[in-house]
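Peer 1: I'd like to ask some things about the structure below.
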Amino acid sequence: MAENASNAGPEPGSRVTIGITFGNSNSSIAYTTDSKAEVIADEAGDRQIPTVLSYNDGDEYYGGQAKAFLVRQPKITIAYFRDFLGQDFKSIDPTHCHAAAHPEDTSGTVSFSVKDKEEESSTLSVSEVSTRFMRRLVSAASDYLGKKVTSAVITVPTSYTEKQREALIKAANDAGLEILQLIADPVAAILAYDARPEADISDKIVVVADLGGTRSDVTVVASRGGMYTILATAHDFDFAGVHLDNALMEHFAKEFMKKHNTDPRSNPKSLAKLRLEAEATKKALSLGSNAQFSVESLADGYDFSVSINRIRYEMVGRKVFDGFNRLVEGAVKKAGLDVLDVDEVVMCGGTSHTPRIANNLRGIFPETTTIQAPATSTTAINPSELQARGAALQASLIQEYEAADIEQSTHPAVTTVKHIANAIGVVTGENGDVFLPIMPAETAVPARRTVQIPTPAEGGDVLVRVVEGGTHIKVTKPEPKPAKEASDDKEDDEDDSDFDSDEEEEEEKREKIWKIGGELAEAAIRGVKKGGKVEVTINVAADLGVTVTAREVGAKGGVRGQI
Ligand code: ATP
């Protein structure tokens, strides 16, 4: 899940580290001070720095300034290039570069031609473009911190191939940056939450919905005592932030056409203006229930200003919103789980600011699931900052180690460990038919968990049965309502209260039920004191060998057995 990479970098003691997210749409840089990660603003004050470079009269612009050039001079502006790193020309999808510098085929690799010097044009490989952009990020961070940044942890999508990882590391190294580690985007997001002092780091299933500009990635993670195991991933390029922009663009273009009989999408400059303002309107609608779309000289010299409310926007973007729901539900299914198994949904990426998406997920998951998003939780961390923060925290944790040690300890051979397939627990309940989980499925081993189990109040001999457990979903259908008589129906038409109860049709009830599986061990604890407590410890070794210890709390001895 995590991969190390480095070249001969600085001595551990002299490192200045940051965390970086390098997205197709935006990048962020963060640093850690007193165990708290903070995202750094660039010179323009942006914390989400558009991943864009632009060249004008030999000058290089990046971030928000470069993005503004997409309107006036799209061909000198390089955007949406991150996913091309480490890919052959024939395997890339250049759709989003349509209104920017076009990717070119240079002996099968991806490059861009821009006039980066006053007189001359250059053909820049995507690796060189990435290096130049990374240099700007490092320089912004160095200026902010007042010291030269030397090293970083960068987050990458879970779908990144080995070749893409290597290409990213090379691009960063060429920018003079030592890469301590690449960590998976979703893991960085969870780390940012788990690093909070009030964090609940108990065993939990977390779904990370990373909804960005050009792609959405959903990951189901088993978080077990600080170890993270990816159970399933889903990647999607059809439902992301730009698709909401597109829906709004279509809406505003039609409104404009009603008035002026000309389509602002038919010329590139108008199209670029439409796109930028649609995106700004979309962001405004995440905060307020109304927003103004306003562009000077949108097309044919006509200014255009019109307002839109959130309800309208949610209708306009409905297909895309539905797509996010399906994507998240699909990932949970792919992990072999049910929504009832999910303890937390962590929403990250810029699009996760959208209230409708968070509210829709609120509706899909049971009340017991926390939905970490600004619209559904007052304690949510800014979704646009999560991953950079997680990367900065990880960087601060490992910066004191020699590069070779980091490489060794984060090598896949070390980080790829075994997991238990089924939960392990004990049988309790008056009738001996209740499963009490002690160690959940997908726990990475070696692992150890201890619980106190209920014992008879009067004490005596206690039999501890250690078993494997699984879950199933019990569905209870609502009781069918008695059929009404024809005469009643007539009255119903005028009767409001009856109308209400008809509307509130009871939903079926879904519950997660444990079922007792194969027995692993039995232990008898003799003569437990009145009111005494029995403690059971499950220890699973790296080779999946299980040791069970059962003892009376405070008493000498106990029973220990190996399976
Ligand atoms: P990708 O790699 O998928 O292109 P990214 O990780 O580079 O994305 P992010 O910053 O996570 O980029 O997401 C960018 C998207 O988030 C854009 O579509 C942007 O319009 C959208 N976005 C940013 N802020 C908000 C907001 N407040 N409300 C709604 N959407 C937002």
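FYI, nothing fancy with the structure tokens labels: chains A, B, ... in order, residues from 1 per chain, ligands from 1 as they appear.
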List as a PyMOL selection string the protein and nucleic acid residues near Val451 of chain A, meaning an atom at most 7 Å away when only C-alpha atoms are counted, but skip any in the same chain fewer than 2 places from it.

Peer 2: chain A and resi 438+449+453+535-537

Peer 1: Go ahead and dump the residues you just picked, N, CA and C atoms, as a compact mmCIF listing (two decimals), in the first residue's frame.

Peer 2:
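Writing done, so here's part.txt:
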# COMPACT_ATOMS: atom_id res chain seq x y z
N ILE A 438 -14.40 -10.38 19.14
CA ILE A 438 -13.22 -9.85 19.85
C ILE A 438 -12.23 -9.27 18.84
N ARG A 449 -6.09 -8.90 20.91
CA ARG A 449 -7.24 -8.16 21.43
C ARG A 449 -7.70 -8.82 22.72
N ILE A 453 -15.66 -10.77 29.37
CA ILE A 453 -16.93 -11.35 28.93
C ILE A 453 -17.91 -11.44 30.10
N GLU A 535 -11.60 -12.54 31.61
CA GLU A 535 -10.98 -11.78 30.52
C GLU A 535 -10.44 -12.77 29.49
N VAL A 536 -10.75 -12.51 28.22
CA VAL A 536 -10.28 -13.42 27.16
C VAL A 536 -9.36 -12.63 26.24
N THR A 537 -8.18 -13.19 25.97
CA THR A 537 -7.24 -12.54 25.05
C THR A 537 -7.02 -13.44 23.85

Peer 1: Residues of segment 290-357 of chain A within 12 Å of segment 174-194 of chain A: nearest atom pair and distance (Å, one decimal) for each, counting only C-alpha atoms, sorted by chain and number, as a Markdown table?

Peer 2:
| residue | atom | partner | partner_atom | distance |
| --- | --- | --- | --- | --- |
| A:Glu344 | CA | A:Ile190 | CA | 10.1 |
| A:Val345 | CA | A:Ile190 | CA | 9.9 |
| A:Val346 | CA | A:Ile190 | CA | 7.3 |
| A:Met347 | CA | A:Ala189 | CA | 8.5 |
| A:Cys348 | CA | A:Ala189 | CA | 7.1 |
| A:Gly349 | CA | A:Ala189 | CA | 9.6 |

Peer 1: Write out as a CSV table (one decimal) with N, CA and C atoms, in the first residue's frame each polymer residue (protein, DNA or RNA) that has an atom no more than 9 Å from ligand 1, with only C-alpha atoms and all ligand atoms counted.

Peer 2:
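So part-v4.csv came out as:
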chain,number,residue,atom,x,y,z
A,21,THR,N,-0.1,16.7,-2.2
A,21,THR,CA,-1.0,16.0,-3.1
A,21,THR,C,-0.8,16.6,-4.5
A,22,PHE,N,-0.7,15.8,-5.5
A,22,PHE,CA,-0.5,16.3,-6.8
A,22,PHE,C,-1.6,15.8,-7.7
A,23,GLY,N,-2.7,16.5,-7.8
A,23,GLY,CA,-3.9,16.0,-8.5
A,23,GLY,C,-3.9,16.5,-9.9
A,24,ASN,N,-4.8,15.9,-10.7
A,24,ASN,CA,-5.0,16.4,-12.1
A,24,ASN,C,-5.5,17.8,-12.1
A,25,SER,N,-6.4,18.1,-11.2
A,25,SER,CA,-7.0,19.5,-11.1
A,25,SER,C,-6.2,20.4,-10.2
A,26,ASN,N,-6.0,19.9,-9.0
A,26,ASN,CA,-5.3,20.8,-8.0
A,26,ASN,C,-4.3,20.1,-7.2
A,27,SER,N,-3.4,20.8,-6.7
A,27,SER,CA,-2.3,20.3,-5.8
A,27,SER,C,-2.4,21.0,-4.5
A,28,SER,N,-1.8,20.4,-3.4
A,28,SER,CA,-1.7,21.1,-2.1
A,28,SER,C,-0.4,20.7,-1.5
A,48,GLN,N,-5.7,25.4,-2.6
A,48,GLN,CA,-5.9,24.4,-3.6
A,48,GLN,C,-5.3,25.0,-4.8
A,49,ILE,N,-4.1,24.6,-5.2
A,49,ILE,CA,-3.3,25.2,-6.2
A,49,ILE,C,-3.6,24.5,-7.6
A,50,PRO,N,-4.2,25.2,-8.5
A,50,PRO,CA,-4.5,24.5,-9.8
A,50,PRO,C,-3.2,23.9,-10.4
A,51,THR,N,-3.3,22.6,-10.8
A,51,THR,CA,-2.1,21.9,-11.4
A,51,THR,C,-2.0,22.4,-12.8
A,80,TYR,N,-4.3,19.4,-16.6
A,80,TYR,CA,-4.7,18.0,-16.5
A,80,TYR,C,-3.7,17.0,-17.1
A,82,ARG,N,-1.4,15.3,-14.8
A,82,ARG,CA,-0.9,14.4,-13.8
A,82,ARG,C,-1.1,12.9,-14.2
A,83,ASP,N,-2.3,12.5,-14.6
A,83,ASP,CA,-2.5,11.1,-14.9
A,83,ASP,C,-1.7,10.6,-16.1
A,157,PRO,N,-3.0,7.9,-6.3
A,157,PRO,CA,-4.2,7.0,-6.3
A,157,PRO,C,-3.9,5.6,-6.1
A,210,ASP,N,-13.2,9.8,-2.5
A,210,ASP,CA,-12.4,10.8,-3.0
A,210,ASP,C,-12.9,11.4,-4.3
A,211,LEU,N,-13.6,12.5,-4.2
A,211,LEU,CA,-14.3,13.0,-5.4
A,211,LEU,C,-13.6,14.2,-5.8
A,212,GLY,N,-12.9,14.1,-6.9
A,212,GLY,CA,-12.0,15.2,-7.4
A,212,GLY,C,-12.6,15.9,-8.6
A,213,GLY,N,-11.8,16.4,-9.4
A,213,GLY,CA,-12.2,17.2,-10.6
A,213,GLY,C,-12.5,16.3,-11.8
A,214,THR,N,-11.5,15.4,-12.1
A,214,THR,CA,-11.6,14.6,-13.3
A,214,THR,C,-11.9,13.1,-13.0
A,215,ARG,N,-11.7,12.7,-11.7
A,215,ARG,CA,-11.9,11.3,-11.4
A,215,ARG,C,-12.5,11.2,-9.9
A,216,SER,N,-13.1,10.1,-9.7
A,216,SER,CA,-13.6,9.8,-8.4
A,216,SER,C,-13.1,8.4,-8.0
A,217,ASP,N,-12.6,8.3,-6.8
A,217,ASP,CA,-12.0,7.0,-6.4
A,217,ASP,C,-12.6,6.7,-5.0
A,237,PHE,N,-14.3,7.8,-14.1
A,237,PHE,CA,-13.9,9.0,-14.8
A,237,PHE,C,-15.2,9.7,-15.4
A,240,ALA,N,-17.5,13.1,-11.8
A,240,ALA,CA,-16.5,13.9,-11.0
A,240,ALA,C,-16.9,15.4,-11.1
A,241,GLY,N,-16.1,16.2,-10.5
A,241,GLY,CA,-16.4,17.7,-10.5
A,241,GLY,C,-16.7,18.3,-11.9
A,242,VAL,N,-15.8,17.9,-12.9
A,242,VAL,CA,-16.0,18.6,-14.2
A,242,VAL,C,-17.4,18.2,-14.8
A,243,HIS,N,-18.0,17.1,-14.4
A,243,HIS,CA,-19.3,16.7,-14.9
A,243,HIS,C,-20.4,17.5,-14.3
A,244,LEU,N,-20.2,18.0,-13.1
A,244,LEU,CA,-21.1,18.9,-12.5
A,244,LEU,C,-21.0,20.3,-13.2
A,245,ASP,N,-19.7,20.7,-13.5
A,245,ASP,CA,-19.5,21.9,-14.3
A,245,ASP,C,-20.2,21.8,-15.6
A,278,ALA,N,-19.0,28.7,-14.4
A,278,ALA,CA,-19.9,27.6,-14.0
A,278,ALA,C,-19.2,26.9,-12.7
A,279,GLU,N,-17.9,26.7,-12.8
A,279,GLU,CA,-17.2,26.1,-11.6
A,279,GLU,C,-17.3,27.0,-10.4
A,280,ALA,N,-17.2,28.3,-10.6
A,280,ALA,CA,-17.3,29.3,-9.4
A,280,ALA,C,-18.7,29.2,-8.9
A,281,THR,N,-19.7,29.2,-9.7
A,281,THR,CA,-21.1,29.1,-9.3
A,281,THR,C,-21.3,27.8,-8.5
A,282,LYS,N,-20.8,26.7,-9.0
A,282,LYS,CA,-20.9,25.4,-8.3
A,282,LYS,C,-20.4,25.5,-6.9
A,283,LYS,N,-19.2,26.1,-6.8
A,283,LYS,CA,-18.6,26.2,-5.5
A,283,LYS,C,-19.4,27.1,-4.6
A,284,ALA,N,-19.9,28.2,-5.1
A,284,ALA,CA,-20.8,29.1,-4.3
A,284,ALA,C,-22.0,28.4,-3.8
A,285,LEU,N,-22.5,27.4,-4.6
A,285,LEU,CA,-23.7,26.7,-4.2
A,285,LEU,C,-23.5,25.6,-3.2
A,286,SER,N,-22.2,25.4,-2.9
A,286,SER,CA,-21.9,24.5,-1.8
A,286,SER,C,-22.0,25.2,-0.4
A,287,LEU,N,-21.9,26.5,-0.5
A,287,LEU,CA,-22.0,27.3,0.7
A,287,LEU,C,-23.4,27.9,0.9
A,348,CYS,N,-13.4,13.1,0.8
A,348,CYS,CA,-12.3,14.0,0.5
A,348,CYS,C,-12.3,14.4,-1.0
A,349,GLY,N,-11.4,15.3,-1.4
A,349,GLY,CA,-11.5,15.8,-2.7
A,349,GLY,C,-12.4,17.0,-2.8
A,350,GLY,N,-12.2,18.0,-3.7
A,350,GLY,CA,-12.9,19.2,-3.7
A,350,GLY,C,-14.4,19.0,-3.9
A,351,THR,N,-14.8,18.0,-4.6
A,351,THR,CA,-16.3,17.8,-4.9
A,351,THR,C,-17.0,17.4,-3.7
A,352,SER,N,-16.3,16.9,-2.7
A,352,SER,CA,-17.0,16.4,-1.4
A,352,SER,C,-17.5,17.6,-0.6
A,353,HIS,N,-17.2,18.8,-1.0
A,353,HIS,CA,-17.9,20.0,-0.4
A,353,HIS,C,-19.3,20.1,-0.7
A,354,THR,N,-19.8,19.4,-1.8
A,354,THR,CA,-21.1,19.5,-2.3
A,354,THR,C,-22.1,18.9,-1.3
A,355,PRO,N,-23.0,19.7,-0.7
A,355,PRO,CA,-24.0,19.2,0.3
A,355,PRO,C,-24.8,18.0,-0.2
A,383,PRO,N,-12.4,18.8,3.2
A,383,PRO,CA,-12.1,17.7,2.3
A,383,PRO,C,-11.0,17.9,1.3
A,384,SER,N,-10.8,19.2,1.0
A,384,SER,CA,-9.8,19.5,0.0
A,384,SER,C,-8.4,19.5,0.7
A,385,GLU,N,-8.3,19.4,2.0
A,385,GLU,CA,-7.0,19.5,2.7
A,385,GLU,C,-6.6,18.2,3.3

Peer 1: Rounded to one decimal in Å, what is the spacing between atom CA of Asp461 of chain A and atom CA of Asn539 of chain A?

Peer 2: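 Answer for the atom CA of Asp461 of chain A to atom CA of Asn539 of chain A separation: 23.6 Å.
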
Peer 1: Nearest to Ala523 of chain A among A:Val559, A:Val153, A:Leu70, A:Val126, with distances taken over only C-alpha atoms: which residue is it?

Peer 2: A:Val559

Peer 1: Please determine, counting only C-alpha atoms, which residue among A:Ile169, A:Ala457, A:Ala423, A:Ala101 has the shortest atom-to-atom distance to Leu520 of chain A.

Peer 2: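 Closest residue, counting only C-alpha atoms: A:Ala423.
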
Peer 1: What parts of segment 316-383 of chain A does DSSP call helix (DSSP H, G or I)? I'd like the answer as JSON, numbers by chain.

Peer 2: {"A": [316, 318, 319, 320, 321, 322, 323, 324, 325, 326, 327, 328, 329, 330, 331, 332, 333, 334, 339, 340, 341, 350, 351, 352, 353, 355, 356, 357, 358, 359, 360, 361, 362, 363, 364]}

Peer 1: Just to be explicit: take each residue in the selection above, keep C-alpha atoms, and write the result as a JSON list (two decimals), in the first residue's frame.

Peer 2:
[["chain", "number", "residue", "atom", "x", "y", "z"],
["A", 316, "VAL", "CA", -29.51, 20.01, -13.19],
["A", 318, "ARG", "CA", -29.01, 14.89, -10.75],
["A", 319, "LYS", "CA", -27.51, 12.29, -13.07],
["A", 320, "VAL", "CA", -24.04, 13.00, -11.76],
["A", 321, "PHE", "CA", -25.22, 12.92, -8.14],
["A", 322, "ASP", "CA", -26.88, 9.55, -8.77],
["A", 323, "GLY", "CA", -23.60, 8.35, -10.27],
["A", 324, "PHE", "CA", -21.73, 9.10, -7.02],
["A", 325, "ASN", "CA", -24.27, 7.05, -5.06],
["A", 326, "ARG", "CA", -23.88, 4.06, -7.34],
["A", 327, "LEU", "CA", -20.11, 4.30, -7.21],
["A", 328, "VAL", "CA", -20.01, 4.25, -3.41],
["A", 329, "GLU", "CA", -22.59, 1.46, -3.13],
["A", 330, "GLY", "CA", -20.69, -0.54, -5.76],
["A", 331, "ALA", "CA", -17.41, -0.28, -3.85],
["A", 332, "VAL", "CA", -19.03, -1.49, -0.61],
["A", 333, "LYS", "CA", -20.50, -4.45, -2.49],
["A", 334, "LYS", "CA", -17.19, -5.19, -4.16],
["A", 339, "VAL", "CA", -23.73, -0.57, 4.15],
["A", 340, "LEU", "CA", -24.53, -1.75, 7.70],
["A", 341, "ASP", "CA", -20.90, -2.87, 8.07],
["A", 350, "GLY", "CA", -12.94, 19.21, -3.71],
["A", 351, "THR", "CA", -16.26, 17.82, -4.93],
["A", 352, "SER", "CA", -16.96, 16.44, -1.44],
["A", 353, "HIS", "CA", -17.85, 19.99, -0.37],
["A", 355, "PRO", "CA", -23.97, 19.18, 0.30],
["A", 356, "ARG", "CA", -26.19, 17.06, -1.98],
["A", 357, "ILE", "CA", -23.57, 14.34, -2.34],
["A", 358, "ALA", "CA", -22.98, 14.11, 1.43],
["A", 359, "ASN", "CA", -26.72, 14.17, 2.12],
["A", 360, "ASN", "CA", -27.32, 11.41, -0.42],
["A", 361, "LEU", "CA", -24.70, 9.24, 1.27],
["A", 362, "ARG", "CA", -26.33, 10.07, 4.62],
["A", 363, "GLY", "CA", -29.48, 8.53, 3.17],
["A", 364, "ILE", "CA", -27.75, 5.38, 1.94]]

Peer 1: Pick out each residue of segment 208-451 of chain A that DSSP on the backbone tags as strand (DSSP E); I need them as a PyMOL selection string.

Peer 2: chain A and resi 208-211+216-224+227-236+290-299+302-309+344-348+370-372+423-428+434-439+447-451

Peer 1: Do you have the atom CA of Val218 of chain A-atom CA of Asp236 of chain A distance handy?

Peer 2: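 If I compute the distance from atom CA of Val218 of chain A to atom CA of Asp236 of chain A, I get 8.6 Å.
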
Peer 1: Taking only C-alpha atoms into account, name the residue in A:Val129, A:Val445, A:Met134, A:Leu145 that is nearest to Ser111 of chain A.

Peer 2: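 Ranked by minimum distance to Ser111 of chain A, first place goes to A:Val129.
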
Peer 1: For Pro446 of chain A, please output as a list in words all residues within 10 Å (counting only C-alpha atoms; exclusion window: fewer than 2 positions along the same chain).

Peer 2: Val417, Lys418, His419, Ile420, Thr443, Ala444, Arg448, Asn539, Val540, Ala541, Ala542, Asp543, Leu544, Gly545 and Val546 of chain A

Peer 1: Within 9 Å of Asp116 of chain A, counting only C-alpha atoms, which residues show up once you throw out same-chain ones fewer than 3 positions away? Write them as a PyMOL selection string, please.

Peer 2: chain A and resi 54-60+76+113+119-122

Peer 1: Write the residues of the selection above to a file with C-alpha atoms, as a PDB file, in the first residue's frame.

Peer 2:
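again20.pdb, written as the output of this step:
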ATOM      1  CA  SER A  54       1.374  28.554 -18.538  1.00  0.00           C
ATOM      2  CA  TYR A  55       4.050  30.261 -20.620  1.00  0.00           C
ATOM      3  CA  ASN A  56       3.697  33.809 -21.862  1.00  0.00           C
ATOM      4  CA  ASP A  57       6.510  35.786 -23.445  1.00  0.00           C
ATOM      5  CA  GLY A  58       9.012  33.448 -21.889  1.00  0.00           C
ATOM      6  CA  ASP A  59       7.575  33.840 -18.386  1.00  0.00           C
ATOM      7  CA  GLU A  60       6.283  30.832 -16.483  1.00  0.00           C
ATOM      8  CA  ILE A  76       0.151  28.111 -24.032  1.00  0.00           C
ATOM      9  CA  SER A 113       4.722  22.091 -27.135  1.00  0.00           C
ATOM     10  CA  GLU A 119      11.793  33.418 -29.059  1.00  0.00           C
ATOM     11  CA  GLU A 120      11.586  29.651 -29.048  1.00  0.00           C
ATOM     12  CA  SER A 121       9.145  26.855 -28.477  1.00  0.00           C
ATOM     13  CA  SER A 122      10.047  23.667 -26.664  1.00  0.00           C
TER      14      SER A 122
END

Peer 1: Tell me, as a ChimeraX atom specification, which residues lie within 6 Å of segment 463-475 of chain A, counting only C-alpha atoms; anything in the same chain fewer than 4 positions away does not count.

Peer 2: /A:423-427,509-524

Peer 1: Mind pulling up the distance from atom CA of Asn382 of chain A to atom CA of His96 of chain A?

Peer 2: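 Going from atom CA of His96 of chain A over to atom CA of Asn382 of chain A covers 25.7 Å.
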
Peer 1: Identify, on the basis of only C-alpha atoms, every residue whose closest approach to segment 303-306 of chain A does not exceed 12 Å; exclude the query and any residue fewer than 2 positions from it along the same chain; express the result as an NGL selection string.

Peer 2: :A and (251-260 or 264 or 270 or 273-274 or 277-278 or 281 or 290-301 or 308-309)
